[in-house]
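Pasting input_18.cif here (mmCIF, C-alpha atoms (C1' of nucleotides)):
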data_run
loop_
_atom_site.label_atom_id
_atom_site.label_comp_id
_atom_site.auth_asym_id
_atom_site.auth_seq_id
_atom_site.Cartn_x
_atom_site.Cartn_y
_atom_site.Cartn_z
CA MET D 297 62.60 51.53 89.28
CA THR D 298 64.39 54.11 87.31
CA VAL D 299 65.93 55.03 90.58
CA VAL D 300 67.31 51.54 91.04
CA LYS D 301 68.43 51.36 87.44
CA ASN D 302 70.18 54.72 87.73
CA ALA D 303 71.86 53.65 90.91
CA VAL D 304 73.22 50.55 89.21
CA GLU D 305 74.32 52.50 86.16
CA SER D 306 75.92 55.08 88.42
CA ALA D 307 77.94 52.47 90.22
CA ALA D 308 79.12 50.98 86.96
CA GLU D 309 79.95 54.37 85.55
CA ALA D 310 81.80 55.27 88.72
CA GLU D 311 83.89 52.14 88.32
CA THR D 312 84.73 53.03 84.73
CA ALA D 313 85.62 56.56 85.74
CA ALA D 314 87.86 55.37 88.56
CA LEU D 315 89.55 52.98 86.17
CA LEU D 316 90.23 55.67 83.61
CA ILE D 317 91.69 57.85 86.33
CA ARG D 318 93.94 55.15 87.79
CA ARG D 319 95.13 54.30 84.33
CA THR D 320 96.87 57.69 84.22
CA GLY D 321 98.81 56.76 87.35
CA ALA D 322 97.01 59.25 89.57
CA ARG D 323 94.87 58.66 92.63
CA ALA D 324 91.19 58.01 92.00
CA THR D 325 89.84 60.44 94.59
CA PRO D 326 86.09 60.86 95.19
CA ALA D 327 86.09 64.33 93.67
CA ARG D 328 87.78 63.17 90.48
CA VAL D 329 85.56 60.11 90.13
CA ARG D 330 82.37 62.04 90.70
CA VAL D 331 83.25 64.77 88.23
CA LEU D 332 84.46 62.43 85.51
CA ARG D 333 81.45 60.19 85.94
CA LEU D 334 79.13 63.18 85.61
CA LEU D 335 80.88 64.43 82.49
CA ARG D 336 80.81 61.01 80.90
CA MET D 337 77.08 60.62 81.55
CA VAL D 338 76.04 64.00 80.18
CA PRO D 339 76.24 64.59 76.42
CA ALA D 340 76.94 68.28 76.90
CA ALA D 341 79.70 70.71 77.82
CA LEU D 342 79.09 71.90 81.36
CA THR D 343 80.33 74.97 83.20
CA HIS D 344 82.09 74.88 86.53
CA HIS D 345 78.89 76.20 88.05
CA GLU D 346 76.67 73.58 86.44
CA ILE D 347 78.97 70.83 87.59
CA GLU D 348 78.93 72.22 91.11
CA GLN D 349 75.12 72.14 91.03
CA ALA D 350 74.89 68.71 89.47
CA ILE D 351 77.19 67.17 92.03
CA GLY D 352 74.88 68.63 94.63
CA ASP D 353 75.10 66.57 97.81
CA LEU D 354 78.55 66.29 99.29
CA PRO D 355 79.55 69.67 97.88
CA VAL D 356 83.07 69.99 96.51
CA ASP D 357 85.17 73.03 97.23
CA ARG D 358 85.19 75.55 94.37
CA VAL D 359 88.96 75.48 94.07
CA THR D 360 89.13 71.71 94.29
CA LEU D 361 86.64 71.48 91.47
CA TYR D 362 88.75 73.83 89.36
CA ARG D 363 91.80 71.73 90.08
CA VAL D 364 90.02 68.49 89.30
CA LEU D 365 88.87 69.94 85.99
CA ASP D 366 92.35 71.24 85.17
CA TRP D 367 93.75 67.83 85.94
CA LEU D 368 91.16 66.05 83.79
CA VAL D 369 92.00 68.32 80.88
CA GLU D 370 95.73 67.83 81.32
CA SER D 371 95.28 64.08 81.49
CA GLY D 372 93.31 64.13 78.29
CA LEU D 373 90.17 62.83 79.98
CA ALA D 374 88.20 66.01 79.32
CA HIS D 375 88.05 68.99 76.99
CA ARG D 376 87.86 72.64 77.94
CA ASN D 377 86.27 75.33 75.78
CA ALA D 378 85.29 78.93 76.41
CA ASP D 379 81.66 79.53 75.49
CA ALA D 380 80.13 82.69 74.02
CA GLN D 381 79.70 84.17 77.50
CA ARG D 382 83.40 83.57 78.00
CA VAL D 383 82.88 80.86 80.59
CA PHE D 384 84.82 77.61 80.42
CA ARG D 385 82.79 74.53 79.58
CA PHE D 386 84.01 71.00 80.16
CA SER D 387 83.09 67.79 78.39
CA ALA D 388 84.31 64.22 78.62
CA ALA D 389 86.87 63.20 76.03
CA ALA D 390 86.06 60.27 73.79
CA ILE D 391 88.28 57.27 74.45
CA GLY D 392 90.00 57.07 71.10
CA GLU D 393 90.64 60.76 70.95
CA HIS D 394 90.29 62.94 67.90
CA SER D 395 91.55 66.43 67.24
CA ALA D 396 88.27 67.63 65.83
CA HIS D 397 85.19 68.49 67.80
CA THR D 398 81.72 69.82 67.08
CA HIS D 399 79.62 71.84 69.49
CA PHE D 400 76.08 73.11 69.24
CA ARG D 401 75.18 76.07 71.40
CA CYS D 402 71.52 76.89 71.98
CA GLU D 403 70.91 80.63 71.71
CA ASN D 404 67.82 80.33 73.86
CA CYS D 405 68.85 78.30 76.88
CA GLY D 406 72.61 78.60 76.51
CA ARG D 407 73.27 74.89 76.78
CA VAL D 408 76.11 73.39 74.80
CA PHE D 409 75.90 69.95 73.21
CA CYS D 410 78.74 67.82 71.94
CA LEU D 411 77.91 66.35 68.55
CA ASP D 412 79.54 63.41 66.86
CA ALA D 413 79.29 65.00 63.44
CA ALA D 414 82.17 64.18 61.20
CA PRO D 415 84.56 67.11 60.99
CA PRO D 416 84.44 69.03 57.73
CA ALA D 417 87.42 69.01 55.43
CA PRO D 418 89.85 71.69 56.57
CA PRO D 419 89.95 74.71 54.27
CA SER D 420 93.15 75.77 52.61
CA LEU D 421 95.26 77.98 54.85
CA PRO D 422 97.46 80.96 54.01
CA GLU D 423 101.07 80.21 53.19
CA GLY D 424 103.09 79.14 56.23
CA PHE D 425 100.16 78.21 58.41
CA SER D 426 99.90 74.70 59.80
CA LEU D 427 96.83 73.12 61.32
CA SER D 428 96.70 70.97 64.43
CA HIS D 429 93.14 71.19 65.74
CA LEU D 430 89.82 71.86 64.16
CA GLU D 431 86.56 72.75 65.80
CA LEU D 432 83.12 73.42 64.42
CA ASP D 433 80.84 75.69 66.40
CA LEU D 434 77.14 75.74 65.63
CA ARG D 435 74.53 78.04 67.07
CA GLY D 436 70.76 77.89 66.90
CA ARG D 437 67.94 76.37 68.92
CA CYS D 438 68.04 73.03 70.62
CA ALA D 439 65.19 70.53 70.54
CA GLY D 440 63.96 71.57 73.97
CA CYS D 441 63.70 75.24 73.01
CA THR D 442 62.25 74.91 69.52
CA GLY D 443 58.75 76.31 69.48
CA GLU D 444 59.20 78.11 72.78
CA HIS D 445 58.69 81.84 73.30
CA ARG D 446 61.51 84.06 72.15
CA MET C 259 108.09 107.03 52.89
CA THR C 260 106.10 104.23 54.31
CA VAL C 261 105.32 106.67 57.05
CA VAL C 262 103.81 109.11 54.59
CA LYS C 263 102.00 106.36 52.78
CA ASN C 264 100.60 105.04 56.04
CA ALA C 265 99.49 108.50 57.08
CA VAL C 266 97.61 108.92 53.83
CA GLU C 267 96.07 105.49 54.10
CA SER C 268 95.15 106.16 57.68
CA ALA C 269 93.32 109.34 56.81
CA ALA C 270 91.42 107.59 54.06
CA GLU C 271 90.60 104.68 56.32
CA ALA C 272 89.46 107.06 59.02
CA GLU C 273 87.07 108.67 56.53
CA THR C 274 85.66 105.30 55.56
CA ALA C 275 85.25 104.35 59.19
CA ALA C 276 83.48 107.61 60.02
CA LEU C 277 81.22 107.09 57.05
CA LEU C 278 80.27 103.60 58.10
CA ILE C 279 79.51 104.87 61.57
CA ARG C 280 77.35 107.80 60.44
CA ARG C 281 75.50 105.51 58.10
CA THR C 282 74.05 103.76 61.17
CA GLY C 283 72.64 107.10 62.32
CA ALA C 284 75.01 107.39 65.27
CA ARG C 285 77.62 110.03 66.07
CA ALA C 286 81.05 109.53 64.61
CA THR C 287 83.05 110.19 67.75
CA PRO C 288 86.86 110.01 67.83
CA ALA C 289 86.86 106.85 69.92
CA ARG C 290 84.53 105.03 67.54
CA VAL C 291 86.40 106.11 64.46
CA ARG C 292 89.78 105.17 65.85
CA VAL C 293 88.66 101.74 67.01
CA LEU C 294 86.78 100.87 63.85
CA ARG C 295 89.65 102.06 61.67
CA LEU C 296 92.07 99.92 63.64
CA LEU C 297 89.87 96.84 63.38
CA ARG C 298 89.38 97.34 59.67
CA MET C 299 93.11 97.65 59.06
CA VAL C 300 94.09 94.54 61.03
CA PRO C 301 93.20 91.13 59.60
CA ALA C 302 92.89 89.64 63.06
CA ALA C 303 90.58 89.44 66.05
CA LEU C 304 91.95 91.68 68.78
CA THR C 305 91.32 91.71 72.52
CA HIS C 306 90.24 94.77 74.44
CA HIS C 307 93.75 94.94 75.80
CA GLU C 308 95.43 94.71 72.41
CA ILE C 309 93.19 97.43 71.07
CA GLU C 310 94.01 99.63 74.04
CA GLN C 311 97.71 99.13 73.31
CA ALA C 312 97.38 99.65 69.58
CA ILE C 313 95.50 102.90 69.99
CA GLY C 314 98.36 104.02 72.21
CA ASP C 315 98.57 107.81 72.08
CA LEU C 316 95.46 109.62 73.22
CA PRO C 317 94.45 106.74 75.48
CA VAL C 318 90.78 105.86 75.61
CA ASP C 319 89.09 105.07 78.89
CA ARG C 320 88.73 101.35 79.56
CA VAL C 321 84.99 101.61 79.95
CA THR C 322 84.56 103.80 76.91
CA LEU C 323 86.46 101.26 74.87
CA TYR C 324 84.19 98.49 76.10
CA ARG C 325 81.16 100.59 75.21
CA VAL C 326 82.51 101.44 71.80
CA LEU C 327 83.12 97.76 71.13
CA ASP C 328 79.66 96.82 72.36
CA TRP C 329 78.18 99.45 70.11
CA LEU C 330 80.17 98.28 67.10
CA VAL C 331 78.97 94.74 67.64
CA GLU C 332 75.36 95.83 68.07
CA SER C 333 75.56 97.91 64.92
CA GLY C 334 76.89 94.97 63.00
CA LEU C 335 80.20 96.70 62.24
CA ALA C 336 82.21 94.21 64.28
CA HIS C 337 82.13 90.68 65.60
CA ARG C 338 82.78 89.51 69.12
CA ASN C 339 84.09 86.05 70.00
CA ALA C 340 85.40 84.54 73.20
CA ASP C 341 88.84 83.01 72.60
CA ALA C 342 90.31 79.92 74.21
CA GLN C 343 91.59 81.97 77.14
CA ARG C 344 88.01 83.21 77.61
CA VAL C 345 88.79 86.73 76.54
CA PHE C 346 86.60 88.56 74.05
CA ARG C 347 88.17 89.25 70.68
CA PHE C 348 86.83 91.77 68.22
CA SER C 349 87.15 91.86 64.46
CA ALA C 350 85.73 94.13 61.76
CA ALA C 351 82.68 92.80 60.01
CA ALA C 352 82.78 92.39 56.25
CA ILE C 353 80.46 94.81 54.48
CA GLY C 354 78.08 92.29 52.93
CA GLU C 355 77.75 90.27 56.08
CA HIS C 356 77.58 86.54 56.40
CA SER C 357 76.52 84.32 59.27
CA ALA C 358 79.51 82.01 58.96
CA HIS C 359 82.99 82.81 60.08
CA THR C 360 86.37 81.13 60.18
CA HIS C 361 89.08 81.85 62.71
CA PHE C 362 92.63 80.59 62.97
CA ARG C 363 94.22 80.73 66.39
CA CYS C 364 97.99 80.36 66.69
CA GLU C 365 98.89 78.08 69.59
CA ASN C 366 102.32 79.68 69.84
CA CYS C 367 101.67 83.43 69.86
CA GLY C 368 97.96 83.36 70.64
CA ARG C 369 97.02 85.65 67.77
CA VAL C 370 93.71 85.09 66.04
CA PHE C 371 93.27 85.58 62.32
CA CYS C 372 90.03 85.96 60.41
CA LEU C 373 90.02 83.81 57.30
CA ASP C 374 87.80 84.14 54.27
CA ALA C 375 87.52 80.40 53.85
CA ALA C 376 84.15 79.30 52.58
CA PRO C 377 82.08 77.82 55.40
CA PRO C 378 81.78 74.06 55.31
CA ALA C 379 78.44 72.43 54.70
CA PRO C 380 76.57 72.20 57.99
CA PRO C 381 76.37 68.66 59.36
CA SER C 382 73.05 67.01 60.04
CA LEU C 383 71.65 67.94 63.45
CA PRO C 384 69.70 65.86 65.94
CA GLU C 385 65.91 65.94 65.61
CA GLY C 386 64.43 69.28 66.67
CA PHE C 387 67.60 71.31 66.41
CA SER C 388 67.72 74.32 64.12
CA LEU C 389 70.83 76.13 62.96
CA SER C 390 71.34 79.87 62.70
CA HIS C 391 75.08 80.49 62.85
CA LEU C 392 78.09 78.46 61.98
CA GLU C 393 81.68 79.02 62.91
CA LEU C 394 84.84 77.15 62.11
CA ASP C 395 87.68 77.36 64.59
CA LEU C 396 91.15 76.27 63.54
CA ARG C 397 94.21 75.97 65.73
CA GLY C 398 97.83 75.48 64.79
CA ARG C 399 100.82 77.67 64.00
CA CYS C 400 100.71 80.89 62.09
CA ALA C 401 103.22 81.81 59.39
CA GLY C 402 105.20 83.99 61.78
CA CYS C 403 105.65 81.21 64.32
CA THR C 404 106.33 78.29 61.99
CA GLY C 405 109.86 77.08 62.49
CA GLU C 406 110.26 78.91 65.77
CA HIS C 407 111.16 77.23 69.05
CA ARG C 408 108.38 75.39 70.88
"C1'" DC K 222 102.93 48.93 113.89
"C1'" DC K 223 104.59 53.46 113.71
"C1'" DA K 224 107.08 57.44 111.30
"C1'" DT K 225 107.33 59.80 107.29
"C1'" DC K 226 106.21 61.61 102.94
"C1'" DC K 227 103.46 63.37 99.27
"C1'" DG K 228 99.39 64.20 96.67
"C1'" DG K 229 95.11 66.18 97.14
"C1'" DC K 230 91.82 69.21 99.77
"C1'" DG K 231 89.86 73.49 101.86
"C1'" DC K 232 90.07 78.24 103.01
"C1'" DA K 233 91.16 82.95 102.02
"C1'" DA K 234 92.89 86.32 99.43
"C1'" DC K 235 93.94 87.88 94.89
"C1'" DT K 236 93.81 88.89 89.60
"C1'" DC K 237 91.70 89.72 85.41
"C1'" DT K 238 87.88 90.79 82.41
"C1'" DG K 239 83.94 92.94 81.89
"C1'" DT K 240 79.64 95.86 83.86
"C1'" DT K 241 76.89 99.46 86.16
"C1'" DG K 242 75.79 104.10 88.20
"C1'" DC K 243 76.31 108.64 87.90
"C1'" DA K 244 78.12 113.13 86.96
"C1'" DT K 245 80.18 115.71 83.18
"C1'" DC K 246 81.06 116.85 78.50
"C1'" DT K 247 80.22 117.46 73.41
"C1'" DG K 248 78.85 116.57 68.34
"C1'" DG K 249 75.90 118.17 65.37
"C1'" DC K 250 71.46 120.05 64.63
"C1'" DA K 251 67.98 124.06 65.01
"C1'" DT N 79 75.36 130.24 68.93
"C1'" DG N 80 72.79 127.35 72.26
"C1'" DC N 81 70.82 123.17 73.28
"C1'" DC N 82 70.53 118.33 74.70
"C1'" DA N 83 70.47 113.37 73.73
"C1'" DG N 84 74.05 110.71 73.33
"C1'" DA N 85 79.13 109.87 74.67
"C1'" DT N 86 82.64 109.94 77.89
"C1'" DG N 87 85.27 109.32 82.35
"C1'" DC N 88 85.62 107.89 87.01
"C1'" DA N 89 84.74 104.78 90.65
"C1'" DA N 90 82.86 101.01 92.45
"C1'" DC N 91 81.18 96.48 91.62
"C1'" DA N 92 80.57 91.50 89.90
"C1'" DG N 93 81.84 86.86 88.06
"C1'" DA N 94 85.22 83.43 86.78
"C1'" DG N 95 89.35 81.63 87.57
"C1'" DT N 96 94.12 81.40 90.15
"C1'" DT N 97 97.56 81.30 93.87
"C1'" DG N 98 99.49 80.55 98.53
"C1'" DC N 99 99.51 77.92 102.37
"C1'" DG N 100 98.43 74.87 106.01
"C1'" DC N 101 96.18 70.40 106.90
"C1'" DC N 102 94.73 65.70 106.25
"C1'" DG N 103 94.84 61.03 104.85
"C1'" DG N 104 96.47 57.33 102.14
"C1'" DA N 105 100.81 55.15 100.54
"C1'" DT N 106 105.51 53.72 101.65
"C1'" DG N 107 109.39 52.21 104.14
"C1'" DG N 108 111.63 50.71 108.23
#

Represent the structure of the file as structure tokens.
Amino acid sequence: MTVVKNAVESAAEAETAALLIRRTGARATPARVRVLRLLRMVPAALTHHEIEQAIGDLPVDRVTLYRVLDWLVESGLAHRNADAQRVFRFSAAAIGEHSAHTHFRCENCGRVFCLDAAPPAPPSLPEGFSLSHLELDLRGRCAGCTGEHR
Amino acid sequence: MTVVKNAVESAAEAETAALLIRRTGARATPARVRVLRLLRMVPAALTHHEIEQAIGDLPVDRVTLYRVLDWLVESGLAHRNADAQRVFRFSAAAIGEHSAHTHFRCENCGRVFCLDAAPPAPPSLPEGFSLSHLELDLRGRCAGCTGEHR
DNA sequence: CCATCCGGCGCAACTCTGTTGCATCTGGCA
DNA sequence: TGCCAGATGCAACAGAGTTGCGCCGGATGG
């Protein structure tokens, strides 16, 4: 039954994704819809590789995936961040977008989670500096890894 | 005269660097001393490339530089962070080390500055998550770029 | 209904950053 | 001074991301 439920949810999510894409004036291609849908359903920042895996069946060309991701970021539908291993990670952008973001990176499994935590008050900057974005980066162990072997 | 002053300062800084290195029990080789001295004199997080440039005369082998940097990080004398362009940036570690860090990245010139700003209070995490490091990442315009063309 | 056009796709080749293997050299101690 | 584990230098490799270019397929106009 979960299968049926997921299938229904998937279809609905795919619709939403396609809508968001068309709203930008661009074509809602299968690759774009599938990637955006995936990002919007996963509460984590995924790498190009993880997305490639997750999309699984009907594989998308490596380059196409990069281009889709670039496009999503440019259109404001997704965020891009380099993780500690210097690999880009992508996450869906919230609808009413904010300029602050909080990530939690698990030091055991390497996964990155997007948190909704309220951004901290920006610290005072040196003379002449002006702030436009703020990002809080947390590291530690995620729920799944707590209590596991080192 | 600034030249003379800088030369004197450099020598003193080199001594300090060598001392810090020997204190870890390792050999104070020229490459290590030069890199650590540079990092300690620059209030910014530099890339491998920038360090290579800055060291200029008496060029250091690419690989050696990577190894020196790795060693500095392992010894706790430096920090490594992947920047937005997914390039590692290195900065000197403060002597009494902390597990929180604040960076300011200029969106115009790309430079990264290490700030001393007090770390914000960590937000509440989802059940099962535990925190070990915290890092605040700011983006905007640095003093040098404020008022410049886009 | 067909011709055309343009955005998006796939392949291949490339760049850039960082890593590994191995032979050679050297700082600092006996 | 002589030794040798630890550093260095060279070359070759690996992973992530980018660029160039031809092709296809959906939209558009006649």

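When CA of Val331 in chain D is paired with CA of Ala380 in chain D, their separation reads 23.1 Å.
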
task: List the residues matched by the PyMOL selection byres ((chain K) within 12 of (chain D)) in the displayed structure as number ranges by chain, ordered by chain and then by residue number.
output: K: 227-233, 238-239

Pull the closest atom pair for each residue of chain C that gets at most 8 Å from chain D, along with the distance in Å to one decimal, counting all atoms listed in the file, ordering rows by chain and then ascending residue number, as a tab-separated table.
residue	atom	partner	partner_atom	distance
C:Asn339	CA	D:Ala380	CA	6.6
C:Ala340	CA	D:Arg382	CA	5.3
C:Asp341	CA	D:Ala378	CA	6.6
C:Ala342	CA	D:Ala378	CA	5.6
C:Gln343	CA	D:Ala378	CA	7.0
C:Arg344	CA	D:Arg382	CA	4.6
C:Val345	CA	D:Arg382	CA	6.4
C:Phe346	CA	D:Arg382	CA	7.1
C:Ala375	CA	D:Pro419	CA	6.2
C:Ala376	CA	D:Pro419	CA	7.6
C:Pro378	CA	D:Pro416	CA	6.2
C:Ala379	CA	D:Pro416	CA	7.5
C:Pro381	CA	D:Ala413	CA	6.2
C:Ser382	CA	D:Ala413	CA	7.4
C:Pro384	CA	D:Ala439	CA	8.0
C:Glu385	CA	D:Ala439	CA	6.8
C:Gly386	CA	D:Ala439	CA	4.1
C:Phe387	CA	D:Cys438	CA	4.6
C:Ser388	CA	D:Arg437	CA	5.2
C:Leu389	CA	D:Gly436	CA	4.3
C:Ser390	CA	D:Gly436	CA	4.7
C:His391	CA	D:Arg435	CA	4.9
C:Leu392	CA	D:Leu434	CA	4.7
C:Glu393	CA	D:Asp433	CA	4.9
C:Leu394	CA	D:Leu432	CA	4.7
C:Asp395	CA	D:Glu431	CA	4.9
C:Leu396	CA	D:Leu430	CA	4.6
C:Arg397	CA	D:His429	CA	4.9
C:Gly398	CA	D:Leu427	CA	4.3
C:Arg399	CA	D:Ser426	CA	5.2
C:Cys400	CA	D:Phe425	CA	4.6
C:Ala401	CA	D:Gly424	CA	4.1
C:Gly402	CA	D:Gly424	CA	7.7
C:Thr404	CA	D:Gly424	CA	6.7

Residues of chain N were defined as contacting chain D if any atom lay at most 12 Å from it, counting only C-alpha atoms (C1' of nucleotides); please report them as a PDB file with C-alpha atoms (C1' of nucleotides), keeping the file's coordinate frame.
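The new file selection38.pdb reads:
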ATOM      1  C1'  DG N  93      81.840  86.860  88.060  1.00  0.00           C
ATOM      2  C1'  DA N  94      85.220  83.430  86.780  1.00  0.00           C
ATOM      3  C1'  DG N  95      89.350  81.630  87.570  1.00  0.00           C
ATOM      4  C1'  DT N  96      94.120  81.400  90.150  1.00  0.00           C
ATOM      5  C1'  DT N  97      97.560  81.300  93.870  1.00  0.00           C
ATOM      6  C1'  DG N 103      94.840  61.030 104.850  1.00  0.00           C
ATOM      7  C1'  DG N 104      96.470  57.330 102.140  1.00  0.00           C
ATOM      8  C1'  DA N 105     100.810  55.150 100.540  1.00  0.00           C
TER       9       DA N 105
END

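Note that CA of Arg385 in chain D and CA of Leu342 in chain D are 4.9 Å apart.
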
task: Find the residues near DG242 in chain K: any atom within 10 Å, counting all atoms listed in the file, skip ones fewer than 6 places away on the same chain, and give them as a ChimeraX atom specification.
output: /N:89-91

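Distance annotation: of C:Glu271, C:Ala286, C:Val291, C:His337, the residue with the minimal separation from DG248 in chain K is C:Ala286; atom set is all atoms listed in the file.
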
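Of the listed residues K:DC237, K:DC243, K:DC223, K:DA251, the one whose atoms come nearest to DC82 in chain N is K:DA251, with distances taken using only C-alpha atoms (C1' of nucleotides).
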
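Between CA of Pro339 in chain D and CA of Val370 in chain C there is a distance of 28.9 Å.
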
task: Can you turn the PyMOL selection byres ((chain N and resi 85) around 8) into a concrete residue list for this file, as a ChimeraX atom specification?
output: /C:287 /K:247 /N:84,86

Six-sided padding of 3 Å per side, axis-aligned box over range 357-364 of chain D, centre and edges in Å, one decimal, as AutoDock Vina command-line options:
--center_x 88.5 --center_y 72.0 --center_z 93.3 --size_x 12.6 --size_y 13.1 --size_z 13.9

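Closest approach to Ala352 in chain C among C:Gly334, C:Gly368, C:Ala272, C:Val300: C:Gly334, based on only C-alpha atoms.
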
Residues at most 12 Å from Gly283 in chain C, counting all atoms listed in the file, excluding those fewer than 3 positions away in the same chain, as an mmCIF file with C-alpha atoms (C1' of nucleotides), in the frame of the given file?
data_model
loop_
_atom_site.group_PDB
_atom_site.id
_atom_site.type_symbol
_atom_site.label_atom_id
_atom_site.label_comp_id
_atom_site.auth_asym_id
_atom_site.auth_seq_id
_atom_site.Cartn_x
_atom_site.Cartn_y
_atom_site.Cartn_z
ATOM 1 C CA ALA C 276 83.480 107.610 60.020
ATOM 2 C CA LEU C 277 81.220 107.090 57.050
ATOM 3 C CA LEU C 278 80.270 103.600 58.100
ATOM 4 C CA ILE C 279 79.510 104.870 61.570
ATOM 5 C CA ARG C 280 77.350 107.800 60.440
ATOM 6 C CA ALA C 286 81.050 109.530 64.610
ATOM 7 C CA SER C 333 75.560 97.910 64.920
ATOM 8 C "C1'" DG K 249 75.900 118.170 65.370
ATOM 9 C "C1'" DG N 84 74.050 110.710 73.330
#
